[in-house]
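Asks: Just so it is clear, I am handing over work25.cif, which has mmCIF, C-alpha atoms.
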```cif
data_structure
loop_
_atom_site.label_atom_id
_atom_site.label_comp_id
_atom_site.auth_asym_id
_atom_site.auth_seq_id
_atom_site.Cartn_x
_atom_site.Cartn_y
_atom_site.Cartn_z
CA MET A 1 4.52 -5.65 31.71
CA HIS A 2 5.92 -7.48 28.69
CA ILE A 3 5.20 -11.15 28.13
CA SER A 4 8.25 -13.11 27.01
CA ASP A 5 8.32 -15.74 24.28
CA GLY A 6 7.59 -19.28 25.38
CA ILE A 7 5.05 -18.31 28.04
CA LEU A 8 1.80 -18.25 26.07
CA SER A 9 -0.05 -21.20 24.54
CA SER A 10 -0.11 -21.57 20.75
CA GLU A 11 -3.85 -20.76 20.59
CA VAL A 12 -3.36 -17.47 22.44
CA VAL A 13 -0.32 -16.56 20.33
CA ILE A 14 -2.25 -17.17 17.09
CA ALA A 15 -5.36 -15.31 18.25
CA THR A 16 -3.45 -12.31 19.60
CA SER A 17 -1.24 -12.17 16.51
CA VAL A 18 -4.28 -12.05 14.23
CA ILE A 19 -5.85 -9.29 16.34
CA GLY A 20 -2.50 -7.47 16.44
CA VAL A 21 -2.16 -7.59 12.64
CA ALA A 22 -5.71 -6.22 12.30
CA MET A 23 -4.91 -3.38 14.71
CA VAL A 24 -1.75 -2.43 12.84
CA ALA A 25 -3.55 -2.66 9.49
CA TYR A 26 -6.16 -0.24 10.88
CA SER A 27 -3.36 2.13 11.92
CA LEU A 28 -1.66 1.88 8.53
CA LYS A 29 -4.98 2.61 6.82
CA ASN A 30 -5.33 5.79 8.90
CA LEU A 31 -1.68 6.79 8.49
CA LYS A 32 -1.03 9.80 6.31
CA THR A 33 2.49 10.56 5.15
CA GLU A 34 2.52 13.76 7.20
CA ASN A 35 1.91 11.76 10.41
CA ILE A 36 4.88 9.41 10.05
CA ALA A 37 7.25 11.71 11.96
CA LEU A 38 4.77 12.11 14.83
CA ILE A 39 4.11 8.40 15.26
CA ALA A 40 7.88 7.82 15.17
CA ALA A 41 8.28 10.37 17.97
CA MET A 42 5.57 8.74 20.09
CA GLY A 43 7.05 5.27 19.55
CA ALA A 44 10.43 6.61 20.63
CA ILE A 45 8.92 8.05 23.82
CA PHE A 46 7.28 4.71 24.63
CA PHE A 47 10.65 3.00 24.06
CA ILE A 48 12.59 5.46 26.20
CA ALA A 49 10.03 5.45 29.04
CA SER A 50 11.11 1.89 29.86
CA PHE A 51 14.59 3.16 30.83
CA ILE A 52 13.37 5.73 33.33
CA HIS A 53 12.89 4.23 36.76
CA ILE A 54 10.66 6.07 39.18
CA PRO A 55 11.37 5.31 42.85
CA LEU A 56 8.61 3.63 44.80
CA GLY A 57 9.70 2.91 48.35
CA PRO A 58 12.52 0.36 48.25
CA THR A 59 11.77 -0.58 44.65
CA SER A 60 11.10 1.30 41.39
CA ILE A 61 8.66 1.25 38.50
CA HIS A 62 8.77 2.57 34.96
CA LEU A 63 6.10 4.52 33.16
CA ILE A 64 4.39 3.43 29.94
CA LEU A 65 2.85 6.81 28.96
CA THR A 66 0.33 5.11 26.66
CA GLY A 67 -2.47 7.39 27.86
CA VAL A 68 -0.79 10.58 26.67
CA ILE A 69 0.44 8.83 23.50
CA GLY A 70 -3.14 7.70 22.85
CA ILE A 71 -4.70 11.16 23.19
CA LEU A 72 -2.03 12.59 20.89
CA ILE A 73 -2.19 10.10 18.02
CA GLY A 74 -5.40 8.07 18.54
CA PRO A 75 -5.63 4.97 16.31
CA LEU A 76 -2.05 5.45 15.11
CA ALA A 77 -0.93 4.31 18.56
CA PHE A 78 -1.21 0.68 17.38
CA LEU A 79 1.52 1.16 14.79
CA SER A 80 3.63 3.43 16.95
CA ILE A 81 3.61 1.07 19.93
CA LEU A 82 4.15 -2.01 17.74
CA ILE A 83 7.38 -0.51 16.38
CA ALA A 84 8.57 0.35 19.90
CA LEU A 85 7.71 -3.17 21.11
CA LEU A 86 9.57 -4.68 18.16
CA PHE A 87 12.71 -2.72 19.03
CA GLN A 88 12.34 -3.51 22.72
CA ALA A 89 12.12 -7.22 21.89
CA ILE A 90 15.01 -7.19 19.44
CA LEU A 91 17.46 -4.73 20.94
CA LEU A 92 16.72 -5.05 24.66
CA GLY A 93 15.20 -8.52 25.06
CA TYR A 94 12.00 -7.13 26.67
CA GLY A 95 8.97 -9.10 25.53
CA GLY A 96 9.36 -11.31 22.49
CA LEU A 97 8.53 -11.94 18.88
CA THR A 98 5.82 -14.59 19.20
CA SER A 99 4.26 -12.58 22.02
CA LEU A 100 4.37 -9.36 20.00
CA GLY A 101 0.62 -9.55 19.21
CA ALA A 102 -0.27 -10.12 22.87
CA ASN A 103 2.01 -7.32 24.04
CA LEU A 104 0.55 -5.01 21.41
CA ILE A 105 -2.99 -5.69 22.63
CA ILE A 106 -1.89 -5.22 26.25
CA MET A 107 -0.16 -1.88 25.58
CA ALA A 108 -1.86 -0.28 22.59
CA LEU A 109 -5.51 -1.18 23.07
CA PRO A 110 -5.75 0.70 26.41
CA SER A 111 -4.01 3.63 24.73
CA TYR A 112 -6.65 3.74 21.98
CA LEU A 113 -9.50 3.22 24.45
CA THR A 114 -8.24 6.12 26.57
CA TYR A 115 -8.24 8.27 23.41
CA LEU A 116 -11.87 7.27 22.75
CA PHE A 117 -12.91 7.95 26.37
CA VAL A 118 -11.38 11.43 26.25
CA LYS A 119 -12.52 12.29 22.73
CA ARG A 120 -16.11 11.24 23.37
CA GLY A 121 -16.15 13.17 26.63
CA TYR A 122 -16.76 10.17 28.92
CA LEU A 123 -14.45 11.74 31.52
CA ASN A 124 -15.93 15.24 31.28
CA PHE A 125 -17.96 14.90 34.47
CA MET A 126 -14.70 14.80 36.41
CA ASN A 127 -12.66 17.62 37.90
CA ILE A 128 -9.90 18.61 35.43
CA LYS A 129 -7.06 17.28 37.61
CA ILE A 130 -8.84 13.98 38.18
CA LYS A 131 -9.43 13.77 34.44
CA TYR A 132 -5.70 14.17 33.76
CA PHE A 133 -5.00 11.62 36.48
CA MET A 134 -7.36 9.16 34.81
CA ILE A 135 -5.56 9.58 31.46
CA GLY A 136 -2.51 8.10 33.16
CA PHE A 137 -4.34 5.69 35.44
CA ILE A 138 -6.81 4.06 33.01
CA PRO A 139 -4.29 2.67 30.47
CA VAL A 140 -2.11 1.12 33.18
CA LEU A 141 -5.19 -0.41 34.81
CA LEU A 142 -6.47 -1.77 31.48
CA SER A 143 -3.03 -3.01 30.46
CA THR A 144 -2.66 -4.85 33.76
CA LEU A 145 -6.10 -6.42 33.41
CA LEU A 146 -5.40 -7.43 29.81
CA LEU A 147 -2.03 -8.89 30.83
CA ALA A 148 -3.72 -10.91 33.57
CA LEU A 149 -6.47 -11.99 31.17
CA VAL A 150 -4.06 -13.09 28.41
CA LEU A 151 -2.05 -15.13 30.93
CA ALA A 152 -5.14 -16.66 32.53
CA ILE A 153 -6.60 -17.64 29.14
CA SER A 154 -3.30 -19.11 28.07
CA LYS A 155 -2.90 -21.61 30.90
CA ASP A 156 -4.92 -22.35 34.05
CA GLU A 157 -1.65 -22.53 35.97
CA TYR A 158 -1.04 -18.81 35.31
CA LEU A 159 -4.10 -17.72 37.29
CA TYR A 160 -2.09 -17.02 40.44
CA ALA A 161 0.52 -15.18 38.39
CA SER A 162 -2.29 -13.00 37.02
CA TYR A 163 -3.47 -12.06 40.50
CA THR A 164 0.11 -11.32 41.56
CA LEU A 165 0.63 -9.06 38.54
CA ILE A 166 -2.53 -7.07 39.27
CA LEU A 167 -1.37 -6.48 42.84
CA ALA A 168 2.20 -5.68 41.79
CA ASN A 169 1.07 -3.12 39.22
CA ALA A 170 -1.45 -1.31 41.44
CA PRO A 171 1.06 1.32 42.70
CA ALA A 172 2.23 1.94 39.11
CA MET A 173 -1.33 2.97 38.13
CA PHE A 174 -1.41 5.69 40.78
CA ILE A 175 2.09 6.96 40.09
CA GLU A 176 1.45 7.07 36.34
CA GLY A 177 -1.78 8.97 37.09
CA LEU A 178 0.00 11.51 39.32
CA ILE A 179 2.83 12.09 36.85
CA THR A 180 0.32 12.45 34.01
CA ILE A 181 -1.35 15.40 35.81
CA PHE A 182 1.95 17.33 35.75
CA LEU A 183 2.80 16.08 32.26
CA ILE A 184 -0.46 17.28 30.67
CA ASN A 185 -0.21 20.60 32.54
CA TYR A 186 3.27 21.05 31.05
CA LEU A 187 2.00 20.17 27.56
CA LYS A 188 -0.90 22.62 27.83
CA LYS A 189 1.41 25.42 28.97
CA SER A 190 4.00 24.73 26.26
CA ILE A 191 1.70 24.07 23.29
CA PRO A 192 -1.77 25.35 24.31
CA ASN A 193 -3.68 24.04 21.27
CA LEU A 194 -1.96 20.63 21.14
CA LEU A 195 -4.85 18.72 22.70
CA ASP A 196 -7.68 20.57 20.94
CA GLY A 197 -8.34 17.45 18.84
CA VAL A 198 -9.56 15.61 21.94
CA LYS A 199 -11.19 18.73 23.42
CA LEU A 200 -8.78 18.77 26.36
CA MET B 1 28.42 -5.43 11.72
CA SER B 2 26.93 -8.89 12.03
CA LYS B 3 28.24 -11.82 9.96
CA PHE B 4 24.70 -12.55 8.87
CA ASN B 5 22.32 -11.04 6.35
CA SER B 6 19.74 -8.71 7.98
CA SER B 7 16.75 -10.58 6.57
CA VAL B 8 18.18 -13.94 7.62
CA ILE B 9 18.65 -12.61 11.17
CA LEU B 10 15.04 -11.44 11.39
CA VAL B 11 13.57 -14.58 9.81
CA SER B 12 15.76 -16.81 12.01
CA ALA B 13 14.65 -14.95 15.13
CA PHE B 14 10.99 -15.51 14.25
CA LEU B 15 11.46 -19.16 13.21
CA TYR B 16 13.44 -20.07 16.31
CA SER B 17 11.08 -18.21 18.66
CA ILE B 18 8.02 -19.90 17.15
CA PHE B 19 9.61 -23.35 17.22
CA ILE B 20 10.90 -23.23 20.78
CA SER B 21 7.77 -21.53 22.17
CA PHE B 22 5.55 -24.48 21.35
CA ASN B 23 7.82 -27.46 22.03
CA SER B 24 9.16 -29.15 25.12
CA VAL B 25 12.83 -28.45 25.59
CA GLU B 26 15.36 -30.88 24.10
CA LEU B 27 19.12 -30.72 24.06
CA ILE B 28 19.23 -30.48 20.27
CA PHE B 29 17.42 -27.10 20.43
CA LEU B 30 20.69 -25.65 21.69
CA LEU B 31 22.32 -26.26 18.32
CA PRO B 32 21.49 -22.83 16.79
CA ILE B 33 22.68 -21.15 20.00
CA ALA B 34 25.93 -23.13 19.90
CA PHE B 35 26.39 -22.14 16.25
CA LEU B 36 25.99 -18.43 17.03
CA LEU B 37 28.27 -18.73 20.05
CA LEU B 38 31.09 -19.79 17.72
CA PHE B 39 31.13 -16.18 16.51
CA GLU B 40 30.25 -14.38 19.74
CA TYR B 41 31.95 -16.47 22.46
CA LYS B 42 33.90 -13.42 23.66
CA GLU B 43 30.63 -11.75 24.65
CA LEU B 44 29.34 -14.72 26.64
CA ILE B 45 29.67 -13.18 30.12
CA LYS B 46 28.07 -9.92 28.99
CA LEU B 47 25.17 -11.83 27.43
CA ILE B 48 24.62 -13.99 30.51
CA LYS B 49 24.49 -10.88 32.69
CA LYS B 50 21.89 -9.37 30.37
CA LEU B 51 19.92 -12.62 30.40
CA LEU B 52 19.87 -12.69 34.19
CA PHE B 53 18.57 -9.13 34.29
CA LEU B 54 15.75 -10.13 31.93
CA ASN B 55 14.74 -13.03 34.16
CA LEU B 56 12.46 -11.03 36.45
CA PHE B 57 9.15 -11.80 34.70
CA ILE B 58 10.09 -15.37 33.77
CA GLY B 59 11.41 -15.96 37.27
CA MET B 60 8.08 -14.87 38.74
CA ILE B 61 6.15 -17.27 36.46
CA PHE B 62 8.63 -20.04 37.33
CA ILE B 63 8.23 -19.56 41.08
CA ILE B 64 4.43 -19.41 40.88
CA LEU B 65 4.28 -22.61 38.81
CA LEU B 66 6.73 -24.20 41.21
CA LEU B 67 4.58 -23.28 44.20
CA GLN B 68 1.67 -25.03 42.48
CA GLY B 69 3.78 -28.19 42.35
CA ASP B 70 4.15 -28.13 38.58
CA PHE B 71 7.95 -28.53 38.56
CA GLU B 72 8.31 -30.09 35.11
CA ASN B 73 6.17 -27.49 33.38
CA ALA B 74 7.83 -24.66 35.32
CA LEU B 75 11.30 -25.82 34.35
CA ASN B 76 10.30 -26.37 30.71
CA ILE B 77 8.86 -22.84 30.40
CA TYR B 78 11.82 -21.31 32.24
CA ILE B 79 14.43 -22.99 30.05
CA ARG B 80 12.71 -22.46 26.72
CA THR B 81 12.02 -18.78 27.42
CA ASN B 82 15.65 -18.23 28.35
CA MET B 83 16.78 -20.13 25.24
CA ILE B 84 14.74 -17.83 22.99
CA ILE B 85 15.96 -14.67 24.72
CA PHE B 86 19.57 -15.85 24.61
CA PHE B 87 19.32 -16.77 20.92
CA ASN B 88 17.82 -13.38 20.07
CA LEU B 89 20.40 -11.55 22.18
CA LEU B 90 23.13 -13.38 20.27
CA LEU B 91 21.51 -12.65 16.91
CA PHE B 92 21.01 -8.94 17.52
CA LEU B 93 24.14 -8.37 19.59
CA LYS B 94 25.74 -6.15 16.97
CA SER B 95 22.50 -4.69 15.67
CA SER B 96 22.04 -0.93 15.64
CA GLY B 97 18.43 -1.35 14.60
CA TYR B 98 18.98 -0.15 11.04
CA ASP B 99 19.59 -3.71 9.86
CA VAL B 100 16.04 -4.46 11.06
CA VAL B 101 14.76 -1.62 8.86
CA ARG B 102 16.76 -3.04 5.94
CA ALA B 103 15.39 -6.52 6.63
CA LEU B 104 11.79 -5.27 6.70
CA ASN B 105 12.42 -3.46 3.43
CA GLU B 106 13.94 -6.56 1.81
CA LEU B 107 11.06 -8.69 3.08
CA ARG B 108 8.65 -6.35 1.26
CA PHE B 109 6.81 -4.93 4.25
CA PRO B 110 4.51 -1.97 3.36
CA LYS B 111 6.55 1.13 2.51
CA LYS B 112 4.82 3.30 5.11
CA PHE B 113 5.57 0.68 7.75
CA VAL B 114 9.26 0.57 6.80
CA SER B 115 9.46 4.38 6.82
CA SER B 116 7.79 4.52 10.23
CA VAL B 117 10.26 1.98 11.63
CA TYR B 118 13.19 3.93 10.18
CA PHE B 119 12.07 7.27 11.60
CA SER B 120 11.19 5.68 14.95
CA LEU B 121 14.77 4.49 15.21
CA LYS B 122 16.06 7.97 14.36
CA MET B 123 13.79 9.45 17.00
CA ILE B 124 14.87 6.87 19.60
CA GLN B 125 18.50 7.93 19.08
CA THR B 126 17.68 11.64 19.24
CA LEU B 127 15.47 11.38 22.32
CA SER B 128 17.91 9.06 24.12
CA ASP B 129 20.60 11.74 23.77
CA GLU B 130 18.12 14.37 24.93
CA PHE B 131 17.15 12.29 27.92
CA LYS B 132 20.80 11.73 28.92
CA LYS B 133 21.37 15.50 28.84
CA MET B 134 18.30 16.14 31.00
CA LYS B 135 19.41 13.50 33.49
CA GLN B 136 22.81 15.22 33.73
CA THR B 137 21.12 18.58 34.30
CA LEU B 138 18.95 17.17 37.10
CA LYS B 139 22.01 15.56 38.67
CA SER B 140 24.04 18.75 38.52
CA ARG B 141 21.18 20.61 40.22
CA GLY B 142 21.28 18.12 43.07
CA PHE B 143 17.96 16.42 42.28
CA ARG B 144 17.49 13.13 44.12
CA ALA B 145 14.56 10.96 43.15
CA ASN B 146 12.45 9.53 45.96
CA SER B 147 8.81 8.66 46.59
CA SER B 148 7.52 12.22 46.99
CA LEU B 149 5.11 14.48 45.14
CA PHE B 150 8.02 16.75 44.23
CA THR B 151 9.78 13.85 42.49
CA TYR B 152 6.62 12.97 40.55
CA GLU B 153 6.14 16.60 39.56
CA THR B 154 9.76 16.73 38.35
CA TYR B 155 9.26 13.56 36.30
CA GLY B 156 5.97 14.90 34.95
CA ASN B 157 7.72 18.06 33.76
CA LEU B 158 10.66 16.04 32.43
CA PHE B 159 8.39 13.83 30.35
CA GLY B 160 6.37 16.88 29.32
CA HIS B 161 9.62 18.41 28.07
CA ILE B 162 10.47 15.20 26.17
CA PHE B 163 7.00 15.19 24.58
CA VAL B 164 7.30 18.84 23.54
CA LYS B 165 10.81 18.30 22.14
CA SER B 166 9.72 15.23 20.21
CA ILE B 167 6.62 16.92 18.79
CA LYS B 168 8.76 19.88 17.65
CA LYS B 169 11.37 17.55 16.17
CA ALA B 170 8.61 15.60 14.40
CA ALA B 171 7.25 18.87 12.96
CA ALA B 172 10.73 19.87 11.76
CA LEU B 173 11.21 16.43 10.22
CA GLN B 174 7.84 16.76 8.56
CA ASP B 175 8.86 20.11 7.04
CA SER B 176 12.03 18.58 5.65
CA PHE B 177 9.97 15.70 4.20
CA GLU B 178 7.80 18.16 2.32
CA LEU B 179 10.82 20.04 0.98
CA ARG B 180 12.35 16.81 -0.30
CA GLY B 181 9.10 15.56 -1.81
CA PHE B 182 8.85 12.58 0.56
CA ASN B 183 6.00 10.29 -0.49
CA GLY B 184 6.06 7.79 2.38
CA ARG B 185 8.87 5.66 0.96
CA ILE B 186 12.49 5.63 2.03
CA TYR B 187 15.17 4.24 -0.23
CA LEU B 188 17.68 1.89 1.34
CA ILE B 189 20.66 0.09 -0.08
CA ASN B 190 19.72 -3.59 -0.12
CA SER B 191 22.40 -6.12 0.67
CA SER B 192 20.57 -9.25 -0.35
CA SER B 193 23.61 -11.45 -0.82
CA LEU B 194 23.65 -14.57 1.32
CA THR B 195 26.83 -16.06 2.76
CA TYR B 196 27.52 -19.65 3.84
CA TYR B 197 26.91 -18.56 7.41
CA ASP B 198 23.38 -17.43 6.54
CA VAL B 199 22.58 -20.68 4.75
CA LEU B 200 24.00 -22.74 7.60
CA LEU B 201 22.02 -20.84 10.24
CA LEU B 202 18.76 -21.23 8.33
CA PHE B 203 19.57 -24.89 7.66
CA ILE B 204 20.11 -25.62 11.37
CA ILE B 205 16.84 -23.94 12.34
CA CYS B 206 14.89 -25.62 9.56
CA MET B 207 16.35 -28.98 10.64
CA LEU B 208 14.67 -28.52 14.01
CA TYR B 209 11.31 -28.22 12.24
CA VAL B 210 12.05 -31.24 10.04
CA LYS B 211 13.13 -33.31 13.04
CA GLU B 212 9.89 -32.43 14.86
CA VAL B 213 7.76 -33.49 11.88
CA VAL B 214 9.70 -36.67 11.12
CA VAL B 215 10.28 -37.99 14.67
#
```
Taking this structure as input, can you express it in the form of structure tokens?
Replies:
Amino acid sequence: MHISDGILSSEVVIATSVIGVAMVAYSLKNLKTENIALIAAMGAIFFIASFIHIPLGPTSIHLILTGVIGILIGPLAFLSILIALLFQAILLGYGGLTSLGANLIIMALPSYLTYLFVKRGYLNFMNIKIKYFMIGFIPVLLSTLLLALVLAISKDEYLYASYTLILANAPAMFIEGLITIFLINYLKKSIPNLLDGVKL
Amino acid sequence: MSKFNSSVILVSAFLYSIFISFNSVELIFLLPIAFLLLFEYKELIKLIKKLLFLNLFIGMIFIILLLQGDFENALNIYIRTNMIIFFNLLLFLKSSGYDVVRALNELRFPKKFVSSVYFSLKMIQTLSDEFKKMKQTLKSRGFRANSSLFTYETYGNLFGHIFVKSIKKAAALQDSFELRGFNGRIYLINSSSLTYYDVLLLFIICMLYVKEVVV
């Protein structure tokens, strides 16, 4: 779900970079020295998740885990994910440097929004398992929609690519949701008060 | 170790990416790539293989533009994207990531940002090792991943384990910070000296900008 350099128009690159800088500045403003280790850990998980391929019929997908990262670190996810994206672009060639702002919006904004949804109790009307599922499902859905939107805004010719990407990522949303149910259950069993901050 | 200064590598990567992203491809844009290849020609096959692997997303965009009959635009985007990736792969071929931290420090990025990047890199190394061990364990227990609920449960627990490990490691790191009186700043040895190679690389990239303005 990373956009490479050279794909986006200059207007979109400038706009997304400005928004990206603002998001990271917001994270840095909220960052206390005692949280540096935690955001480093979450960034590392986001980075490593891209190596783990989950089978899906004849093909495979990889998780992004931005929902769980979001509920654990909230607004600090912008900084954490930016660092992971920077390393992915530099060391692995995933994404790019001019598209860093766009990729940050695509990945980190859904993570933060999921945190807000959970913290403000917007998902409380749901059954607990469905709620956990949504914590995995929502960020992938939002990231896919943002990816499609960024591409469509960038060039009219990318409209079909946007539709294709939405279709291609649909199974990933469900698989991420399913895996998140088990993941959050594991977290709650291992560290019961870990998610108290978001009343989960 | 790369022949180039860390800051020059990072700045060059940004300058080249920005320049190529917004211009139609010309033969002269290959000059910085050719310059870097003088030092890394032995790795050419390895780099091309990596580039091909990274072509999935770009290939999809290329095919969709092609199907819309926009051959020139499709080819232009395809080539320039691959040029940027190839240039960056060449630049960071010998990078362990710590040179990026050093570059950010030399370029006066906020101290908390530099510290976060440094510790993220440390965590990436630690968790990668952890993940390899867990993969080995699953393999030795005869686990075979497929599209079943059992597989997803296993992955859920595996990621849960990685999260728990990383949170505990972060807490331990935090404790050691407090003991050492960490105030959000890490101290790195700066190697600000520039070599002829650095100057030449920057010169070639800047010439592309000058050529674009003048011609």
Asks: Would you compute the distance between CA of Ser176 (chain B) and CA of Gly43 (chain A)? Give it in Å to one decimal.
Replies: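 We find that CA of Ser176 (chain B) and CA of Gly43 (chain A) lie 19.9 Å from each other.
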Asks: Please provide as a PyMOL selection string all residues within 12 Å of Lys129 (chain A), with the sequence filter that same-chain residues fewer than 4 positions apart are discarded (counting only C-alpha atoms).
Replies: chain A and resi 123-125+133-136+177-185+200
Asks: Only C-alpha atoms, please: the residues just picked out, written as a short mmCIF file (atom, residue, chain, number, x, y, z; two decimals), in the coordinates of the input.
Replies:
```cif
data_model
loop_
_atom_site.label_atom_id
_atom_site.label_comp_id
_atom_site.auth_asym_id
_atom_site.auth_seq_id
_atom_site.Cartn_x
_atom_site.Cartn_y
_atom_site.Cartn_z
CA LEU A 123 -14.45 11.74 31.52
CA ASN A 124 -15.93 15.24 31.28
CA PHE A 125 -17.96 14.90 34.47
CA PHE A 133 -5.00 11.62 36.48
CA MET A 134 -7.36 9.16 34.81
CA ILE A 135 -5.56 9.58 31.46
CA GLY A 136 -2.51 8.10 33.16
CA GLY A 177 -1.78 8.97 37.09
CA LEU A 178 0.00 11.51 39.32
CA ILE A 179 2.83 12.09 36.85
CA THR A 180 0.32 12.45 34.01
CA ILE A 181 -1.35 15.40 35.81
CA PHE A 182 1.95 17.33 35.75
CA LEU A 183 2.80 16.08 32.26
CA ILE A 184 -0.46 17.28 30.67
CA ASN A 185 -0.21 20.60 32.54
CA LEU A 200 -8.78 18.77 26.36
#
```
Asks: How many Å lie between CA of Glu153 (chain B) and CA of His2 (chain A), rounded to one decimal?
Replies: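 Answer for the CA of Glu153 (chain B) to CA of His2 (chain A) separation: 26.4 Å.
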Asks: Would you work out the distance separating CA of Ser7 (chain B) from CA of Pro32 (chain B), expressed in Å to one decimal?
Replies: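 Straight-line distance from CA of Ser7 (chain B) to CA of Pro32 (chain B) works out to 16.6 Å.
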Asks: Which one is closest to chain A: B:Tyr152, B:Tyr16, B:Phe39, B:Phe29? Count all atoms listed in the file.
Replies: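 Closest residue, counting all atoms listed in the file: B:Tyr152.
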Asks: May I ask which of the residues A:Gln88, A:Ser111, A:Leu100, A:Leu167 is the closest one to Ile73 (chain A), counting only C-alpha atoms?
Replies: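 Using only C-alpha atoms, the shortest distance to Ile73 (chain A) belongs to A:Ser111.
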Asks: Under the rule that only C-alpha atoms are counted, which of A:Phe51, A:Glu34, A:Gly121, A:Ile39 is the nearest residue to Lys132 (chain B)?
Replies: A:Phe51
Asks: Identify all chain A residues at most 7 Å from chain B by counting all atoms listed in the file; ligands do not count. Present them as a ChimeraX atom specification.
Replies: /A:4-7,10,33-34,36-38,40-41,43-44,48,55-57,83,90-91,93,97-98,157,160-161,178-180,182-184,186-187
Asks: Return as a list in words the set of residues that the PyMOL selection byres ((chain A and resi 171) around 12) yields on the displayed structure.
Replies: Ile54, Pro55, Leu56, Gly57, Thr59, Ser60, Ile61, His62, Leu63, Phe137, Val140, Leu141, Thr144, Leu165, Ile166, Leu167, Ala168, Asn169, Ala170, Ala172, Met173, Phe174, Ile175, Glu176, Gly177 and Leu178 of chain A; Ser147 of chain B
Asks: Keeping only C-alpha atoms, write those residues as a compact mmCIF listing (two decimals), in the frame of the given file.
Replies:
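The result, stored in result.txt:
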```txt
# COMPACT_ATOMS: atom_id res chain seq x y z
CA ILE A 54 10.66 6.07 39.18
CA PRO A 55 11.37 5.31 42.85
CA LEU A 56 8.61 3.63 44.80
CA GLY A 57 9.70 2.91 48.35
CA THR A 59 11.77 -0.58 44.65
CA SER A 60 11.10 1.30 41.39
CA ILE A 61 8.66 1.25 38.50
CA HIS A 62 8.77 2.57 34.96
CA LEU A 63 6.10 4.52 33.16
CA PHE A 137 -4.34 5.69 35.44
CA VAL A 140 -2.11 1.12 33.18
CA LEU A 141 -5.19 -0.41 34.81
CA THR A 144 -2.66 -4.85 33.76
CA LEU A 165 0.63 -9.06 38.54
CA ILE A 166 -2.53 -7.07 39.27
CA LEU A 167 -1.37 -6.48 42.84
CA ALA A 168 2.20 -5.68 41.79
CA ASN A 169 1.07 -3.12 39.22
CA ALA A 170 -1.45 -1.31 41.44
CA ALA A 172 2.23 1.94 39.11
CA MET A 173 -1.33 2.97 38.13
CA PHE A 174 -1.41 5.69 40.78
CA ILE A 175 2.09 6.96 40.09
CA GLU A 176 1.45 7.07 36.34
CA GLY A 177 -1.78 8.97 37.09
CA LEU A 178 0.00 11.51 39.32
CA SER B 147 8.81 8.66 46.59
```
Asks: Can you list, as a PyMOL selection string, every protein, DNA or RNA residue that comes within 10 Å of region 195-198 of chain A when you count only C-alpha atoms, leaving out same-chain residues fewer than 6 positions away?
Replies: chain A and resi 68+71-74+115-121+184+187-188
Asks: Rank nothing, just name the residue among A:Ser17, A:Ser190, A:Asn35, A:Asn127 nearest to Leu76 (chain A), using all atoms listed in the file.
Replies: A:Asn35
Asks: I'd like to see the residues matched by the PyMOL selection byres ((chain B and resi 206) around 12) on this file, and ideally I'd get them as a list in words.
Replies: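 Answer for the PyMOL selection byres ((chain B and resi 206) around 12): Val11, Ser12, Phe14, Leu15, Tyr16, Ile18, Phe19, Phe29, Leu31, Pro32, Val199, Leu200, Leu201, Leu202, Phe203, Ile204, Ile205, Met207, Leu208, Tyr209, Val210, Lys211, Glu212 and Val213 of chain B.
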